[in-house]
file data_1.cif (mmCIF, N, CA and C atoms and all ligand atoms)
data_start
loop_
_atom_site.label_atom_id
_atom_site.label_comp_id
_atom_site.auth_asym_id
_atom_site.auth_seq_id
_atom_site.Cartn_x
_atom_site.Cartn_y
_atom_site.Cartn_z
N MET I 1 119.82 -45.73 -175.94
CA MET I 1 119.92 -44.65 -174.96
C MET I 1 119.21 -43.39 -175.47
N LYS I 2 118.39 -42.82 -174.61
CA LYS I 2 117.65 -41.60 -175.00
C LYS I 2 118.55 -40.37 -174.90
N LYS I 3 118.34 -39.50 -175.86
CA LYS I 3 119.11 -38.25 -175.82
C LYS I 3 118.24 -37.18 -175.15
N LYS I 4 118.77 -36.54 -174.13
CA LYS I 4 117.99 -35.50 -173.44
C LYS I 4 118.25 -34.13 -174.05
N ILE I 5 117.16 -33.38 -174.21
CA ILE I 5 117.33 -31.99 -174.65
C ILE I 5 117.54 -31.14 -173.41
N PRO I 6 118.62 -30.42 -173.37
CA PRO I 6 118.86 -29.61 -172.17
C PRO I 6 117.75 -28.56 -172.01
N ILE I 7 117.31 -28.38 -170.77
CA ILE I 7 116.19 -27.48 -170.48
C ILE I 7 116.51 -26.05 -170.91
N ILE I 8 117.77 -25.67 -170.81
CA ILE I 8 118.15 -24.30 -171.18
C ILE I 8 117.89 -24.06 -172.67
N GLY I 9 118.06 -25.12 -173.46
CA GLY I 9 117.80 -25.01 -174.89
C GLY I 9 116.33 -24.73 -175.16
N LEU I 10 115.47 -25.40 -174.44
CA LEU I 10 114.03 -25.18 -174.59
C LEU I 10 113.64 -23.77 -174.18
N VAL I 11 114.18 -23.33 -173.06
CA VAL I 11 113.89 -21.98 -172.58
C VAL I 11 114.31 -20.97 -173.64
N PHE I 12 115.48 -21.16 -174.20
CA PHE I 12 116.00 -20.27 -175.23
C PHE I 12 115.05 -20.21 -176.43
N LEU I 13 114.59 -21.37 -176.88
CA LEU I 13 113.69 -21.42 -178.03
C LEU I 13 112.38 -20.68 -177.74
N VAL I 14 111.85 -20.87 -176.54
CA VAL I 14 110.58 -20.22 -176.17
C VAL I 14 110.76 -18.70 -176.18
N VAL I 15 111.88 -18.24 -175.61
CA VAL I 15 112.13 -16.79 -175.55
C VAL I 15 112.27 -16.22 -176.96
N ILE I 16 113.07 -16.85 -177.79
CA ILE I 16 113.26 -16.38 -179.17
C ILE I 16 111.92 -16.40 -179.92
N GLY I 17 111.18 -17.48 -179.73
CA GLY I 17 109.89 -17.63 -180.39
C GLY I 17 108.93 -16.51 -180.03
N SER I 18 108.87 -16.16 -178.74
CA SER I 18 107.93 -15.13 -178.34
C SER I 18 108.36 -13.76 -178.83
N ILE I 19 109.67 -13.53 -178.89
CA ILE I 19 110.16 -12.25 -179.42
C ILE I 19 109.77 -12.13 -180.90
N LEU I 20 109.99 -13.18 -181.66
CA LEU I 20 109.65 -13.16 -183.08
C LEU I 20 108.14 -12.97 -183.26
N ALA I 21 107.36 -13.66 -182.45
CA ALA I 21 105.90 -13.55 -182.55
C ALA I 21 105.46 -12.11 -182.32
N THR I 22 106.06 -11.45 -181.32
CA THR I 22 105.69 -10.06 -181.03
C THR I 22 105.99 -9.18 -182.24
N GLN I 23 107.14 -9.41 -182.88
CA GLN I 23 107.52 -8.53 -183.98
C GLN I 23 106.61 -8.73 -185.19
N PHE I 24 106.18 -9.97 -185.42
CA PHE I 24 105.28 -10.19 -186.55
C PHE I 24 103.93 -9.55 -186.28
N GLU I 25 103.47 -9.62 -185.04
CA GLU I 25 102.19 -8.98 -184.67
C GLU I 25 102.24 -7.49 -184.99
N ASN I 26 103.36 -6.85 -184.63
CA ASN I 26 103.46 -5.40 -184.78
C ASN I 26 103.30 -4.98 -186.24
N LYS I 27 103.80 -5.79 -187.14
CA LYS I 27 103.87 -5.37 -188.53
C LYS I 27 102.50 -5.19 -189.17
N GLU I 28 101.52 -5.91 -188.69
CA GLU I 28 100.24 -5.84 -189.38
C GLU I 28 99.19 -5.01 -188.64
N SER I 29 99.59 -4.41 -187.51
CA SER I 29 98.57 -3.84 -186.63
C SER I 29 98.14 -2.43 -187.00
N SER I 30 98.88 -1.72 -187.85
CA SER I 30 98.61 -0.30 -187.97
C SER I 30 98.60 0.19 -189.41
N THR I 31 97.71 1.13 -189.68
CA THR I 31 97.71 1.75 -190.99
C THR I 31 98.39 3.12 -190.95
N VAL I 32 98.36 3.75 -189.78
CA VAL I 32 98.93 5.09 -189.65
C VAL I 32 100.45 5.03 -189.62
N PHE I 33 100.98 4.03 -188.92
CA PHE I 33 102.42 3.92 -188.74
C PHE I 33 102.94 2.76 -189.57
N GLN I 34 104.10 2.97 -190.11
CA GLN I 34 104.66 1.95 -190.97
C GLN I 34 106.07 1.63 -190.50
N ASP I 35 106.38 0.37 -190.28
CA ASP I 35 107.75 -0.01 -189.96
C ASP I 35 108.55 -0.05 -191.24
N ILE I 36 109.64 0.68 -191.25
CA ILE I 36 110.48 0.70 -192.44
C ILE I 36 111.91 0.43 -192.02
N ASN I 37 112.57 -0.47 -192.67
CA ASN I 37 113.94 -0.81 -192.27
C ASN I 37 114.96 0.22 -192.74
N SER I 38 114.78 0.76 -193.92
CA SER I 38 115.78 1.71 -194.40
C SER I 38 115.16 2.87 -195.17
N PRO I 39 114.49 3.77 -194.45
CA PRO I 39 114.01 4.98 -195.13
C PRO I 39 115.20 5.83 -195.52
N GLU I 40 115.00 6.77 -196.44
CA GLU I 40 116.11 7.58 -196.92
C GLU I 40 116.68 8.48 -195.82
N SER I 41 115.80 9.03 -195.00
CA SER I 41 116.29 9.87 -193.91
C SER I 41 115.40 9.68 -192.70
N PHE I 42 115.95 9.98 -191.56
CA PHE I 42 115.17 9.81 -190.33
C PHE I 42 115.80 10.63 -189.22
N ALA I 43 114.98 11.02 -188.26
CA ALA I 43 115.48 11.64 -187.04
C ALA I 43 115.94 10.52 -186.11
N ILE I 44 117.02 10.75 -185.40
CA ILE I 44 117.53 9.71 -184.51
C ILE I 44 117.25 10.05 -183.06
N VAL I 45 116.73 9.08 -182.33
CA VAL I 45 116.57 9.20 -180.89
C VAL I 45 117.37 8.07 -180.26
N THR I 46 118.28 8.43 -179.36
CA THR I 46 119.08 7.38 -178.73
C THR I 46 118.54 7.04 -177.34
N ILE I 47 118.70 5.80 -176.98
CA ILE I 47 118.41 5.34 -175.62
C ILE I 47 119.77 5.18 -174.95
N PRO I 48 120.10 6.11 -174.04
CA PRO I 48 121.47 6.16 -173.52
C PRO I 48 121.74 5.12 -172.45
N THR I 49 123.01 4.94 -172.12
CA THR I 49 123.39 4.00 -171.07
C THR I 49 122.75 4.43 -169.74
N LYS I 50 122.44 3.45 -168.94
CA LYS I 50 121.89 3.63 -167.59
C LYS I 50 120.46 4.16 -167.55
N SER I 51 119.80 4.22 -168.72
CA SER I 51 118.41 4.66 -168.68
C SER I 51 117.52 3.59 -168.04
N SER I 52 118.08 2.41 -167.80
CA SER I 52 117.31 1.38 -167.12
C SER I 52 117.20 1.64 -165.62
N ARG I 53 117.91 2.68 -165.14
CA ARG I 53 117.77 3.06 -163.73
C ARG I 53 116.97 4.33 -163.62
N PRO I 54 116.12 4.43 -162.58
CA PRO I 54 115.36 5.67 -162.41
C PRO I 54 116.32 6.84 -162.25
N GLY I 55 115.91 8.01 -162.73
CA GLY I 55 116.77 9.20 -162.59
C GLY I 55 116.91 9.93 -163.91
N CYS I 56 116.92 9.18 -165.03
CA CYS I 56 117.06 9.85 -166.33
C CYS I 56 115.85 10.73 -166.61
N ASP I 57 114.74 10.40 -165.98
CA ASP I 57 113.52 11.19 -166.19
C ASP I 57 113.64 12.59 -165.60
N GLU I 58 114.51 12.73 -164.58
CA GLU I 58 114.64 14.05 -163.94
C GLU I 58 115.25 15.08 -164.87
N THR I 59 116.04 14.63 -165.84
CA THR I 59 116.66 15.57 -166.79
C THR I 59 116.14 15.34 -168.21
N ASN I 60 115.04 14.58 -168.34
CA ASN I 60 114.48 14.26 -169.66
C ASN I 60 115.50 13.62 -170.59
N ARG I 61 116.31 12.71 -170.04
CA ARG I 61 117.32 12.07 -170.86
C ARG I 61 117.22 10.54 -170.85
N CYS I 62 115.98 10.04 -170.79
CA CYS I 62 115.79 8.59 -170.92
C CYS I 62 115.81 8.22 -172.41
N TYR I 63 115.23 9.09 -173.20
CA TYR I 63 115.36 9.04 -174.66
C TYR I 63 115.95 10.40 -175.04
N ILE I 64 116.93 10.42 -175.92
CA ILE I 64 117.58 11.68 -176.30
C ILE I 64 117.45 11.93 -177.79
N PRO I 65 116.76 13.00 -178.23
CA PRO I 65 116.00 13.91 -177.36
C PRO I 65 114.69 13.27 -176.93
N SER I 66 114.18 13.70 -175.78
CA SER I 66 112.94 13.10 -175.28
C SER I 66 111.74 13.58 -176.10
N LYS I 67 111.91 14.73 -176.77
CA LYS I 67 110.85 15.22 -177.65
C LYS I 67 111.47 15.47 -179.02
N VAL I 68 110.97 14.80 -180.03
CA VAL I 68 111.53 14.97 -181.37
C VAL I 68 110.44 15.47 -182.30
N SER I 69 110.77 16.48 -183.12
CA SER I 69 109.78 17.05 -184.03
C SER I 69 110.12 16.71 -185.47
N ILE I 70 109.13 16.23 -186.21
CA ILE I 70 109.31 15.89 -187.62
C ILE I 70 108.08 16.37 -188.40
N LYS I 71 108.15 16.21 -189.70
CA LYS I 71 106.98 16.52 -190.54
C LYS I 71 106.30 15.21 -190.94
N SER I 72 105.03 15.29 -191.29
CA SER I 72 104.33 14.06 -191.67
C SER I 72 105.01 13.41 -192.87
N GLY I 73 105.10 12.12 -192.83
CA GLY I 73 105.80 11.37 -193.87
C GLY I 73 107.25 11.11 -193.53
N GLU I 74 107.76 11.76 -192.48
CA GLU I 74 109.14 11.53 -192.08
C GLU I 74 109.22 10.41 -191.03
N SER I 75 110.47 9.98 -190.79
CA SER I 75 110.67 8.80 -189.95
C SER I 75 111.51 9.13 -188.71
N VAL I 76 111.35 8.30 -187.71
CA VAL I 76 112.18 8.37 -186.51
C VAL I 76 112.82 7.00 -186.31
N ARG I 77 114.12 7.02 -186.03
CA ARG I 77 114.81 5.77 -185.70
C ARG I 77 115.33 5.86 -184.27
N TRP I 78 114.94 4.88 -183.47
CA TRP I 78 115.43 4.78 -182.10
C TRP I 78 116.58 3.78 -182.08
N LEU I 79 117.64 4.15 -181.37
CA LEU I 79 118.79 3.27 -181.27
C LEU I 79 119.09 3.00 -179.80
N ASN I 80 119.11 1.74 -179.43
CA ASN I 80 119.39 1.37 -178.04
C ASN I 80 120.89 1.31 -177.80
N GLU I 81 121.41 2.34 -177.14
CA GLU I 81 122.85 2.38 -176.85
C GLU I 81 123.14 1.90 -175.43
N ASP I 82 122.13 1.41 -174.75
CA ASP I 82 122.31 0.89 -173.39
C ASP I 82 122.68 -0.60 -173.48
N ALA I 83 123.13 -1.14 -172.34
CA ALA I 83 123.46 -2.56 -172.29
C ALA I 83 122.25 -3.41 -171.89
N ALA I 84 121.12 -2.73 -171.64
CA ALA I 84 119.90 -3.44 -171.22
C ALA I 84 118.84 -3.41 -172.33
N PHE I 85 117.84 -4.26 -172.20
CA PHE I 85 116.70 -4.23 -173.12
C PHE I 85 115.85 -2.98 -172.85
N HIS I 86 115.27 -2.43 -173.90
CA HIS I 86 114.31 -1.35 -173.76
C HIS I 86 113.25 -1.50 -174.85
N SER I 87 112.16 -0.74 -174.69
CA SER I 87 111.17 -0.74 -175.76
C SER I 87 110.76 0.69 -176.10
N VAL I 88 110.16 0.82 -177.26
CA VAL I 88 109.54 2.08 -177.70
C VAL I 88 108.09 1.72 -177.97
N THR I 89 107.21 2.10 -177.05
CA THR I 89 105.83 1.61 -177.07
C THR I 89 104.88 2.80 -176.99
N SER I 90 103.92 2.87 -177.89
CA SER I 90 103.08 4.07 -177.97
C SER I 90 102.09 4.18 -176.83
N GLY I 91 101.82 5.44 -176.44
CA GLY I 91 100.93 5.71 -175.32
C GLY I 91 101.72 5.99 -174.07
N THR I 92 101.10 5.73 -172.94
CA THR I 92 101.79 5.91 -171.66
C THR I 92 101.77 4.56 -170.94
N TYR I 93 102.59 4.47 -169.89
CA TYR I 93 102.67 3.20 -169.15
C TYR I 93 101.29 2.81 -168.63
N GLU I 94 100.52 3.81 -168.19
CA GLU I 94 99.17 3.55 -167.67
C GLU I 94 98.20 3.22 -168.80
N ASN I 95 98.41 3.84 -169.96
CA ASN I 95 97.49 3.68 -171.10
C ASN I 95 98.21 3.45 -172.43
N PRO I 96 98.77 2.27 -172.62
CA PRO I 96 99.37 2.00 -173.93
C PRO I 96 98.26 2.00 -174.99
N ASN I 97 98.50 2.61 -176.16
CA ASN I 97 97.40 2.71 -177.13
C ASN I 97 97.53 1.80 -178.34
N GLY I 98 98.62 1.04 -178.41
CA GLY I 98 98.71 0.02 -179.46
C GLY I 98 99.08 0.53 -180.85
N ASN I 99 99.40 1.82 -181.00
CA ASN I 99 99.75 2.32 -182.33
C ASN I 99 101.06 1.74 -182.85
N PHE I 100 102.05 1.66 -181.96
CA PHE I 100 103.32 1.04 -182.36
C PHE I 100 104.01 0.47 -181.13
N ASP I 101 104.84 -0.53 -181.36
CA ASP I 101 105.59 -1.14 -180.27
C ASP I 101 106.81 -1.84 -180.85
N SER I 102 107.97 -1.47 -180.36
CA SER I 102 109.21 -2.07 -180.89
C SER I 102 109.41 -3.49 -180.37
N GLY I 103 108.70 -3.86 -179.30
CA GLY I 103 109.10 -5.07 -178.58
C GLY I 103 110.41 -4.78 -177.87
N TYR I 104 111.04 -5.80 -177.28
CA TYR I 104 112.30 -5.56 -176.57
C TYR I 104 113.42 -5.33 -177.57
N LEU I 105 114.07 -4.18 -177.44
CA LEU I 105 115.21 -3.87 -178.30
C LEU I 105 116.49 -4.33 -177.60
N ASP I 106 117.27 -5.14 -178.27
CA ASP I 106 118.58 -5.55 -177.76
C ASP I 106 119.52 -4.35 -177.76
N PRO I 107 120.61 -4.43 -177.00
CA PRO I 107 121.66 -3.42 -177.14
C PRO I 107 122.07 -3.29 -178.61
N ASN I 108 122.22 -2.06 -179.05
CA ASN I 108 122.61 -1.73 -180.44
C ASN I 108 121.54 -1.99 -181.49
N GLN I 109 120.40 -2.46 -181.07
CA GLN I 109 119.32 -2.68 -182.04
C GLN I 109 118.56 -1.37 -182.25
N SER I 110 118.02 -1.19 -183.45
CA SER I 110 117.24 0.01 -183.72
C SER I 110 115.83 -0.33 -184.16
N PHE I 111 114.99 0.68 -184.13
CA PHE I 111 113.58 0.53 -184.48
C PHE I 111 113.16 1.80 -185.20
N THR I 112 112.58 1.67 -186.36
CA THR I 112 112.28 2.85 -187.18
C THR I 112 110.81 2.86 -187.57
N ILE I 113 110.19 4.02 -187.44
CA ILE I 113 108.79 4.16 -187.85
C ILE I 113 108.63 5.42 -188.69
N THR I 114 107.80 5.33 -189.70
CA THR I 114 107.40 6.50 -190.47
C THR I 114 106.05 6.97 -189.97
N PHE I 115 105.95 8.25 -189.69
CA PHE I 115 104.70 8.83 -189.19
C PHE I 115 103.99 9.53 -190.35
N GLU I 116 102.88 8.98 -190.75
CA GLU I 116 102.16 9.53 -191.91
C GLU I 116 101.24 10.68 -191.52
N ASP I 117 100.74 10.66 -190.30
CA ASP I 117 99.76 11.67 -189.88
C ASP I 117 100.36 12.61 -188.84
N SER I 118 99.89 13.87 -188.86
CA SER I 118 100.37 14.81 -187.86
C SER I 118 99.70 14.53 -186.52
N GLY I 119 100.36 14.99 -185.48
CA GLY I 119 99.83 14.78 -184.14
C GLY I 119 100.95 14.72 -183.12
N ILE I 120 100.57 14.54 -181.88
CA ILE I 120 101.54 14.39 -180.80
C ILE I 120 101.45 12.97 -180.29
N PHE I 121 102.57 12.26 -180.34
CA PHE I 121 102.56 10.83 -180.03
C PHE I 121 103.47 10.54 -178.84
N ASP I 122 102.86 10.19 -177.73
CA ASP I 122 103.62 9.81 -176.54
C ASP I 122 104.06 8.37 -176.66
N TYR I 123 105.20 8.08 -176.08
CA TYR I 123 105.63 6.69 -176.01
C TYR I 123 106.42 6.47 -174.72
N PHE I 124 106.68 5.22 -174.41
CA PHE I 124 107.34 4.88 -173.15
C PHE I 124 108.05 3.54 -173.31
N CYS I 125 108.72 3.13 -172.23
CA CYS I 125 109.39 1.82 -172.22
C CYS I 125 108.61 0.88 -171.30
N THR I 126 108.24 -0.28 -171.82
CA THR I 126 107.42 -1.20 -171.02
C THR I 126 108.20 -1.77 -169.83
N LEU I 127 109.52 -1.75 -169.92
CA LEU I 127 110.34 -2.32 -168.84
C LEU I 127 110.69 -1.30 -167.77
N HIS I 128 110.68 -0.02 -168.13
CA HIS I 128 111.12 1.03 -167.21
C HIS I 128 110.12 2.19 -167.30
N PRO I 129 109.11 2.17 -166.45
CA PRO I 129 107.98 3.12 -166.56
C PRO I 129 108.39 4.59 -166.52
N TRP I 130 109.56 4.90 -165.97
CA TRP I 130 109.99 6.30 -165.90
C TRP I 130 110.51 6.80 -167.25
N MET I 131 110.72 5.90 -168.20
CA MET I 131 111.24 6.30 -169.52
C MET I 131 110.07 6.76 -170.41
N LYS I 132 110.06 8.06 -170.72
CA LYS I 132 108.97 8.61 -171.53
C LYS I 132 109.53 9.50 -172.63
N GLY I 133 108.87 9.48 -173.77
CA GLY I 133 109.29 10.34 -174.88
C GLY I 133 108.08 10.77 -175.69
N GLN I 134 108.36 11.64 -176.65
CA GLN I 134 107.25 12.21 -177.44
C GLN I 134 107.73 12.50 -178.86
N VAL I 135 106.89 12.15 -179.83
CA VAL I 135 107.14 12.53 -181.22
C VAL I 135 106.07 13.53 -181.61
N VAL I 136 106.51 14.69 -182.10
CA VAL I 136 105.58 15.72 -182.55
C VAL I 136 105.66 15.76 -184.07
N VAL I 137 104.55 15.48 -184.73
CA VAL I 137 104.52 15.44 -186.19
C VAL I 137 103.68 16.61 -186.70
N ASP I 138 104.32 17.48 -187.50
CA ASP I 138 103.61 18.64 -188.07
C ASP I 138 102.91 18.25 -189.36
CU CU L 201 113.70 0.81 -170.81
#
call {"tool": "encode", "arguments": {"input": "data_1.cif", "output": "structure tokens"}}
result
Amino acid sequence: MKKKIPIIGLVFLVVIGSILATQFENKESSTVFQDINSPESFAIVTIPTKSSRPGCDETNRCYIPSKVSIKSGESVRWLNEDAAFHSVTSGTYENPNGNFDSGYLDPNQSFTITFEDSGIFDYFCTLHPWMKGQVVVD
């Protein structure tokens, strides 16, 4: 008798596989930005509950704070406090620039980047185009 693999199991594997693939891609793509799991200190930006619905943009509270200022060499950690997936992706929804991308962040998952160069860095959520934020590096 043949043993059948349930289709849901296959779907699950494909989803997990593609998430892992995205994360490995991100790690090697950039020289300016560095993914660090545990820097000594970092600024925290939270992704609050219900930011998956339009409206948070009206009060600039899709990412809190929506604009964070740091010095070069310092880090920012984003924490997804919502019950939905979100991303932290560099550029704008119309023009993603590929500098950094968290991929889909699960609830309670965080993403940390060290910014080595000064500049103004826009980012957004690939799933919710109204979610926009900015990192200002002195
Ligand atoms: Cu989002």
call {"tool": "residues_near_ligand", "arguments": {"input": "data_1.cif", "ligand": "ligand CU 201 (chain L)", "cutoff": "12 Å", "atoms": "only C-alpha atoms and all ligand atoms", "output": "PyMOL selection string"}}
result
chain I and resi 46-54+56-57+61-63+79-89+93+102-107+123-133
call {"tool": "write_last_selection", "arguments": {"input": "data_1.cif", "atoms": "N, CA and C atoms", "output": "compact mmCIF listing (two decimals), in the coordinates of the input"}}
result
# COMPACT_ATOMS: atom_id res chain seq x y z
N THR I 46 118.28 8.43 -179.36
CA THR I 46 119.08 7.38 -178.73
C THR I 46 118.54 7.04 -177.34
N ILE I 47 118.70 5.80 -176.98
CA ILE I 47 118.41 5.34 -175.62
C ILE I 47 119.77 5.18 -174.95
N PRO I 48 120.10 6.11 -174.04
CA PRO I 48 121.47 6.16 -173.52
C PRO I 48 121.74 5.12 -172.45
N THR I 49 123.01 4.94 -172.12
CA THR I 49 123.39 4.00 -171.07
C THR I 49 122.75 4.43 -169.74
N LYS I 50 122.44 3.45 -168.94
CA LYS I 50 121.89 3.63 -167.59
C LYS I 50 120.46 4.16 -167.55
N SER I 51 119.80 4.22 -168.72
CA SER I 51 118.41 4.66 -168.68
C SER I 51 117.52 3.59 -168.04
N SER I 52 118.08 2.41 -167.80
CA SER I 52 117.31 1.38 -167.12
C SER I 52 117.20 1.64 -165.62
N ARG I 53 117.91 2.68 -165.14
CA ARG I 53 117.77 3.06 -163.73
C ARG I 53 116.97 4.33 -163.62
N PRO I 54 116.12 4.43 -162.58
CA PRO I 54 115.36 5.67 -162.41
C PRO I 54 116.32 6.84 -162.25
N CYS I 56 116.92 9.18 -165.03
CA CYS I 56 117.06 9.85 -166.33
C CYS I 56 115.85 10.73 -166.61
N ASP I 57 114.74 10.40 -165.98
CA ASP I 57 113.52 11.19 -166.19
C ASP I 57 113.64 12.59 -165.60
N ARG I 61 116.31 12.71 -170.04
CA ARG I 61 117.32 12.07 -170.86
C ARG I 61 117.22 10.54 -170.85
N CYS I 62 115.98 10.04 -170.79
CA CYS I 62 115.79 8.59 -170.92
C CYS I 62 115.81 8.22 -172.41
N TYR I 63 115.23 9.09 -173.20
CA TYR I 63 115.36 9.04 -174.66
C TYR I 63 115.95 10.40 -175.04
N LEU I 79 117.64 4.15 -181.37
CA LEU I 79 118.79 3.27 -181.27
C LEU I 79 119.09 3.00 -179.80
N ASN I 80 119.11 1.74 -179.43
CA ASN I 80 119.39 1.37 -178.04
C ASN I 80 120.89 1.31 -177.80
N GLU I 81 121.41 2.34 -177.14
CA GLU I 81 122.85 2.38 -176.85
C GLU I 81 123.14 1.90 -175.43
N ASP I 82 122.13 1.41 -174.75
CA ASP I 82 122.31 0.89 -173.39
C ASP I 82 122.68 -0.60 -173.48
N ALA I 83 123.13 -1.14 -172.34
CA ALA I 83 123.46 -2.56 -172.29
C ALA I 83 122.25 -3.41 -171.89
N ALA I 84 121.12 -2.73 -171.64
CA ALA I 84 119.90 -3.44 -171.22
C ALA I 84 118.84 -3.41 -172.33
N PHE I 85 117.84 -4.26 -172.20
CA PHE I 85 116.70 -4.23 -173.12
C PHE I 85 115.85 -2.98 -172.85
N HIS I 86 115.27 -2.43 -173.90
CA HIS I 86 114.31 -1.35 -173.76
C HIS I 86 113.25 -1.50 -174.85
N SER I 87 112.16 -0.74 -174.69
CA SER I 87 111.17 -0.74 -175.76
C SER I 87 110.76 0.69 -176.10
N VAL I 88 110.16 0.82 -177.26
CA VAL I 88 109.54 2.08 -177.70
C VAL I 88 108.09 1.72 -177.97
N THR I 89 107.21 2.10 -177.05
CA THR I 89 105.83 1.61 -177.07
C THR I 89 104.88 2.80 -176.99
N TYR I 93 102.59 4.47 -169.89
CA TYR I 93 102.67 3.20 -169.15
C TYR I 93 101.29 2.81 -168.63
N SER I 102 107.97 -1.47 -180.36
CA SER I 102 109.21 -2.07 -180.89
C SER I 102 109.41 -3.49 -180.37
N GLY I 103 108.70 -3.86 -179.30
CA GLY I 103 109.10 -5.07 -178.58
C GLY I 103 110.41 -4.78 -177.87
N TYR I 104 111.04 -5.80 -177.28
CA TYR I 104 112.30 -5.56 -176.57
C TYR I 104 113.42 -5.33 -177.57
N LEU I 105 114.07 -4.18 -177.44
CA LEU I 105 115.21 -3.87 -178.30
C LEU I 105 116.49 -4.33 -177.60
N ASP I 106 117.27 -5.14 -178.27
CA ASP I 106 118.58 -5.55 -177.76
C ASP I 106 119.52 -4.35 -177.76
N PRO I 107 120.61 -4.43 -177.00
CA PRO I 107 121.66 -3.42 -177.14
C PRO I 107 122.07 -3.29 -178.61
N TYR I 123 105.20 8.08 -176.08
CA TYR I 123 105.63 6.69 -176.01
C TYR I 123 106.42 6.47 -174.72
N PHE I 124 106.68 5.22 -174.41
CA PHE I 124 107.34 4.88 -173.15
C PHE I 124 108.05 3.54 -173.31
N CYS I 125 108.72 3.13 -172.23
CA CYS I 125 109.39 1.82 -172.22
C CYS I 125 108.61 0.88 -171.30
N THR I 126 108.24 -0.28 -171.82
CA THR I 126 107.42 -1.20 -171.02
C THR I 126 108.20 -1.77 -169.83
N LEU I 127 109.52 -1.75 -169.92
CA LEU I 127 110.34 -2.32 -168.84
C LEU I 127 110.69 -1.30 -167.77
N HIS I 128 110.68 -0.02 -168.13
CA HIS I 128 111.12 1.03 -167.21
C HIS I 128 110.12 2.19 -167.30
N PRO I 129 109.11 2.17 -166.45
CA PRO I 129 107.98 3.12 -166.56
C PRO I 129 108.39 4.59 -166.52
N TRP I 130 109.56 4.90 -165.97
CA TRP I 130 109.99 6.30 -165.90
C TRP I 130 110.51 6.80 -167.25
N MET I 131 110.72 5.90 -168.20
CA MET I 131 111.24 6.30 -169.52
C MET I 131 110.07 6.76 -170.41
N LYS I 132 110.06 8.06 -170.72
CA LYS I 132 108.97 8.61 -171.53
C LYS I 132 109.53 9.50 -172.63
N GLY I 133 108.87 9.48 -173.77
CA GLY I 133 109.29 10.34 -174.88
C GLY I 133 108.08 10.77 -175.69
call {"tool": "select_by_dssp", "arguments": {"input": "data_1.cif", "residues": "segment 47-125 of chain I", "states": "strand (DSSP E or B)", "output": "ChimeraX atom specification"}}
result
/I:47,64,67-70,75-80,86,89-91,96-101,105,110-115,119-124
call {"tool": "atom_distance", "arguments": {"input": "data_1.cif", "atom1": "atom CA of Val45 of chain I", "atom2": "atom CA of Glu94 of chain I"}}
result
22.6 Å
call {"tool": "atom_distance", "arguments": {"input": "data_1.cif", "atom1": "atom N of Ser110 of chain I", "atom2": "atom C of Asp138 of chain I"}}
result
25.3 Å
call {"tool": "atom_distance", "arguments": {"input": "data_1.cif", "atom1": "atom C of Lys71 of chain I", "atom2": "atom C of Ser118 of chain I"}}
result
8.0 Å
call {"tool": "residues_around", "arguments": {"input": "data_1.cif", "residues": "Gly91 of chain I", "least_positions_apart": "4", "cutoff": "6 Å", "atoms": "all atoms listed in the file", "output": "list in words"}}
result
Asn95, Pro96, Asn97, Gly98, Phe121, Asp122, Tyr123 and Phe124 of chain I
call {"tool": "residues_near_point", "arguments": {"input": "data_1.cif", "point": "(105.2, 8.5, -192.6)", "cutoff": "6 Å", "atoms": "only C-alpha atoms", "output": "PyMOL selection string"}}
result
chain I and resi 72-74+114-116
